[in-house]
Amino acid sequence: MIGHEFLHSPGPTHIPDRVLAAMHRQPLDLVDARLKEIARTCFEDLGRVFGTTGQVFVYAANGHGGWEAALANICVPGDTVLVPEIGHFSNTWADHARALGLKTEIIAGDWRRAIDPQAITEHLRADREGRVKAVLAVQIDTGTGIASDIAAIRAAIDAAGHPALLVADTIASLAAMPFEMDAWGVDVAIAASQKALMCPPGLAILAANARAVETSARLARPHRYWDWTPRLGEESYMKFNGTMPEHLMFGLCESLTMIKEQGLPTIYRRHRRIAGAVARAVETWCEGGALSFNAAVPAERAVTVTAIRTAESVDANRLRTHLRETMGVSVAGGLGALQGKGFRIGHLGDVNEPMILGCLSAVELALVELGIPHGTGGTRAAIEYLAQARQEER
Ligand SMILES: Cc1ncc(COP(=O)(O)O)c(C=O)c1O
């Protein structure tokens, strides 16, 4: 393929050259002071990104590993967790919990709306015997392109007067939209390196408050690798329960430096602006009748990924293959119940205006080439939106 490839899946995402360069080095001896300093600053910076003074834990694992790490530290087999269904990732997290021997209670959702806090209050009010140990809430479900209000979920748990812990999956949202772990009363938060943290896949990153850490210390469980207790000290070898995944940490250290340089408010604004541009393009394309937003309510659309449904007459997978094979542009497919029924444009992490306009132009070109009905001028609508948004921010 000539020219740049455009990776617009909602993770893994484009990795900045600075992050790639930071990983291009020899490993360090485990007792090297430079390595300890890298770990120290990363843990400190991650706490700031999560908005917590609680404990941060980093595992050589993916997001699924992060789910397991959280559950292994706050539940034992036989315990019950409450999962508000929002899409593919809430459902696979619930599957994961069941595979660990947990019981799940699901608040059914239609994959087109955010989590309903009122339904959580009602469910927990009915739980008089305190079965539910934790509520598992996904902030952005990458499969459906919908964001939920995590602070409102804490308020919903409190309104029921229920002691359940709140565990938030911020895998597709951290460092892209506001997340304030301490201020919002989140007990455990889970992230992964390959999304808005702009790193390669391979690190699961958790934060836990004092209540969650105390819960973990009281549990008798066999999951030694996930266990928070040995990871609590300052010793960097034990913080990873073994050898640090050094190169991933070199990369993460650099990406966290970039995040500090830009500042979280600026990063959140950029994500909102770019998501707004994608929304304008998609809105225009939808006028042709073959495409539609998955999110039923515009205010609930995620800033990191846009999920687009396609009419039955459209072969969504053919569109993706066409984009990838003829233009080097990767967008994601529908997941779970949405498999084959649409596509998703990722716009998180190291993304700027030219990158998203390149992606949108390529999608529009593919719509034209494949004869998929669409309203014309989607990319132009995105440009006009960006011009206005950039003017207002100046
Ligand atoms: C919201 C969310 N949770 C969990 C996961 C699972 O992460 P991983 O694929 O790294 O295991 C993903 C992956 O895309 C995700 O988007």
# chains A, B, ... in the order shown; residues from 1 in each chain; ligands from 1
call {"tool": "select_by_dssp", "arguments": {"residues": "segment 171-294 of chain A", "states": "alpha helix (DSSP H)", "output": "VMD selection string"}}
result
chain A and resid 181 to 184 210 to 218 236 to 239 246 to 262 264 to 286
call {"tool": "residues_near_ligand", "arguments": {"ligand": "ligand 1", "cutoff": "9 Å", "atoms": "only C-alpha atoms and all ligand atoms", "output": "PyMOL selection string"}}
result
chain A and resi 10-12+61-67+88-90+92-93+138-143+169-173+190-195+201-204
call {"tool": "residues_around", "arguments": {"residues": "Cys75 of chain A", "least_positions_apart": "2", "cutoff": "9 Å", "atoms": "only C-alpha atoms", "output": "ChimeraX atom specification"}}
result
/A:70-73,77-81,102,133-134,215-216,219,221
call {"tool": "write_last_selection", "arguments": {"atoms": "all heavy atoms", "output": "mmCIF file, in the first residue's frame"}}
result
data_model
loop_
_atom_site.group_PDB
_atom_site.id
_atom_site.type_symbol
_atom_site.label_atom_id
_atom_site.label_comp_id
_atom_site.auth_asym_id
_atom_site.auth_seq_id
_atom_site.Cartn_x
_atom_site.Cartn_y
_atom_site.Cartn_z
ATOM 1 N N ALA A 70 -9.883 -7.054 38.349
ATOM 2 C CA ALA A 70 -10.837 -6.353 39.227
ATOM 3 C C ALA A 70 -11.709 -7.367 39.971
ATOM 4 O O ALA A 70 -11.839 -7.323 41.196
ATOM 5 C CB ALA A 70 -11.707 -5.412 38.399
ATOM 6 N N LEU A 71 -12.280 -8.302 39.214
ATOM 7 C CA LEU A 71 -13.222 -9.243 39.833
ATOM 8 C C LEU A 71 -12.513 -10.157 40.829
ATOM 9 O O LEU A 71 -13.048 -10.467 41.890
ATOM 10 C CB LEU A 71 -13.933 -10.066 38.749
ATOM 11 C CG LEU A 71 -14.838 -9.242 37.823
ATOM 12 C CD1 LEU A 71 -15.387 -10.107 36.686
ATOM 13 C CD2 LEU A 71 -15.989 -8.610 38.607
ATOM 14 N N ALA A 72 -11.285 -10.565 40.491
ATOM 15 C CA ALA A 72 -10.557 -11.483 41.373
ATOM 16 C C ALA A 72 -10.220 -10.830 42.707
ATOM 17 O O ALA A 72 -9.983 -11.522 43.695
ATOM 18 C CB ALA A 72 -9.270 -11.945 40.681
ATOM 19 N N ASN A 73 -10.196 -9.499 42.738
ATOM 20 C CA ASN A 73 -9.836 -8.817 43.978
ATOM 21 C C ASN A 73 -11.019 -8.380 44.825
ATOM 22 O O ASN A 73 -10.837 -7.977 45.974
ATOM 23 C CB ASN A 73 -8.961 -7.593 43.667
ATOM 24 C CG ASN A 73 -7.504 -7.983 43.504
ATOM 25 O OD1 ASN A 73 -6.819 -8.238 44.494
ATOM 26 N ND2 ASN A 73 -7.037 -8.069 42.274
ATOM 27 N N PRO A 77 -15.932 -16.822 44.001
ATOM 28 C CA PRO A 77 -16.959 -17.585 43.300
ATOM 29 C C PRO A 77 -18.219 -17.728 44.165
ATOM 30 O O PRO A 77 -18.120 -17.931 45.376
ATOM 31 C CB PRO A 77 -16.279 -18.944 43.067
ATOM 32 C CG PRO A 77 -14.816 -18.605 43.001
ATOM 33 C CD PRO A 77 -14.611 -17.481 43.981
ATOM 34 N N GLY A 78 -19.352 -17.556 43.519
ATOM 35 C CA GLY A 78 -20.627 -17.607 44.249
ATOM 36 C C GLY A 78 -21.182 -16.226 44.531
ATOM 37 O O GLY A 78 -22.381 -16.068 44.741
ATOM 38 N N ASP A 79 -20.311 -15.205 44.536
ATOM 39 C CA ASP A 79 -20.784 -13.824 44.735
ATOM 40 C C ASP A 79 -21.595 -13.370 43.517
ATOM 41 O O ASP A 79 -21.427 -13.904 42.405
ATOM 42 C CB ASP A 79 -19.596 -12.857 44.898
ATOM 43 C CG ASP A 79 -19.026 -12.876 46.309
ATOM 44 O OD1 ASP A 79 -19.632 -13.512 47.187
ATOM 45 O OD2 ASP A 79 -17.951 -12.265 46.511
ATOM 46 N N THR A 80 -22.401 -12.346 43.739
ATOM 47 C CA THR A 80 -23.253 -11.822 42.657
ATOM 48 C C THR A 80 -22.799 -10.425 42.253
ATOM 49 O O THR A 80 -22.464 -9.597 43.111
ATOM 50 C CB THR A 80 -24.716 -11.750 43.155
ATOM 51 O OG1 THR A 80 -25.138 -13.082 43.468
ATOM 52 C CG2 THR A 80 -25.648 -11.174 42.102
ATOM 53 N N VAL A 81 -22.780 -10.189 40.932
ATOM 54 C CA VAL A 81 -22.515 -8.833 40.432
ATOM 55 C C VAL A 81 -23.702 -8.406 39.564
ATOM 56 O O VAL A 81 -24.369 -9.238 38.958
ATOM 57 C CB VAL A 81 -21.197 -8.757 39.613
ATOM 58 C CG1 VAL A 81 -19.986 -8.955 40.503
ATOM 59 C CG2 VAL A 81 -21.178 -9.755 38.448
ATOM 60 N N LEU A 102 -18.855 -16.392 39.225
ATOM 61 C CA LEU A 102 -19.742 -15.386 39.837
ATOM 62 C C LEU A 102 -21.146 -15.533 39.268
ATOM 63 O O LEU A 102 -21.328 -16.024 38.151
ATOM 64 C CB LEU A 102 -19.224 -13.976 39.572
ATOM 65 C CG LEU A 102 -17.774 -13.691 39.963
ATOM 66 C CD1 LEU A 102 -17.441 -12.230 39.741
ATOM 67 C CD2 LEU A 102 -17.504 -14.064 41.414
ATOM 68 N N LYS A 133 -22.635 -7.723 45.120
ATOM 69 C CA LYS A 133 -21.363 -7.231 45.697
ATOM 70 C C LYS A 133 -20.824 -6.044 44.899
ATOM 71 O O LYS A 133 -20.112 -5.213 45.441
ATOM 72 C CB LYS A 133 -20.306 -8.360 45.685
ATOM 73 C CG LYS A 133 -20.643 -9.515 46.606
ATOM 74 C CD LYS A 133 -20.433 -9.103 48.063
ATOM 75 C CE LYS A 133 -20.782 -10.186 49.055
ATOM 76 N NZ LYS A 133 -22.203 -10.483 49.173
ATOM 77 N N ALA A 134 -21.113 -6.020 43.612
ATOM 78 C CA ALA A 134 -20.550 -4.938 42.788
ATOM 79 C C ALA A 134 -21.439 -4.681 41.584
ATOM 80 O O ALA A 134 -22.103 -5.589 41.081
ATOM 81 C CB ALA A 134 -19.146 -5.319 42.313
ATOM 82 N N THR A 215 -11.350 -4.557 50.723
ATOM 83 C CA THR A 215 -12.151 -5.734 50.334
ATOM 84 C C THR A 215 -11.212 -6.825 49.843
ATOM 85 O O THR A 215 -11.329 -7.999 50.224
ATOM 86 C CB THR A 215 -13.147 -5.360 49.204
ATOM 87 O OG1 THR A 215 -13.925 -4.270 49.632
ATOM 88 C CG2 THR A 215 -14.039 -6.532 48.822
ATOM 89 N N SER A 216 -10.256 -6.422 49.002
ATOM 90 C CA SER A 216 -9.315 -7.389 48.444
ATOM 91 C C SER A 216 -8.504 -8.067 49.546
ATOM 92 O O SER A 216 -8.314 -9.286 49.542
ATOM 93 C CB SER A 216 -8.384 -6.661 47.465
ATOM 94 O OG SER A 216 -7.318 -7.482 47.102
ATOM 95 N N LEU A 219 -10.294 -10.974 51.261
ATOM 96 C CA LEU A 219 -10.733 -12.157 50.494
ATOM 97 C C LEU A 219 -9.673 -13.258 50.530
ATOM 98 O O LEU A 219 -8.487 -12.968 50.447
ATOM 99 C CB LEU A 219 -10.953 -11.803 49.023
ATOM 100 C CG LEU A 219 -12.105 -10.892 48.626
ATOM 101 C CD1 LEU A 219 -12.235 -10.899 47.113
ATOM 102 C CD2 LEU A 219 -13.406 -11.333 49.257
ATOM 103 N N ARG A 221 -8.344 -15.973 48.229
ATOM 104 C CA ARG A 221 -8.513 -16.370 46.827
ATOM 105 C C ARG A 221 -7.199 -16.890 46.264
ATOM 106 O O ARG A 221 -6.120 -16.522 46.702
ATOM 107 C CB ARG A 221 -9.043 -15.208 45.997
ATOM 108 C CG ARG A 221 -8.234 -14.037 46.202
ATOM 109 C CD ARG A 221 -8.610 -12.796 45.577
ATOM 110 N NE ARG A 221 -7.433 -12.016 45.859
ATOM 111 C CZ ARG A 221 -7.291 -11.334 46.980
ATOM 112 N NH1 ARG A 221 -8.268 -11.260 47.852
ATOM 113 N NH2 ARG A 221 -6.173 -10.716 47.217
#
call {"tool": "residues_around", "arguments": {"residues": "Leu319 of chain A", "least_positions_apart": "5", "cutoff": "9 Å", "atoms": "only C-alpha atoms", "output": "PyMOL selection string"}}
result
chain A and resi 314+324+343+363+366-367+370
call {"tool": "residues_around", "arguments": {"residues": "Ala183 of chain A", "least_positions_apart": "2", "cutoff": "10 Å", "atoms": "only C-alpha atoms", "output": "list in words"}}
result
Gly51, Thr52, Ala151, Phe179, Glu180, Met181, Gly185 and Val186 of chain A
call {"tool": "atom_distance", "arguments": {"atom1": "atom CA of His347 of chain A", "atom2": "atom CA of Arg318 of chain A"}}
result
21.2 Å
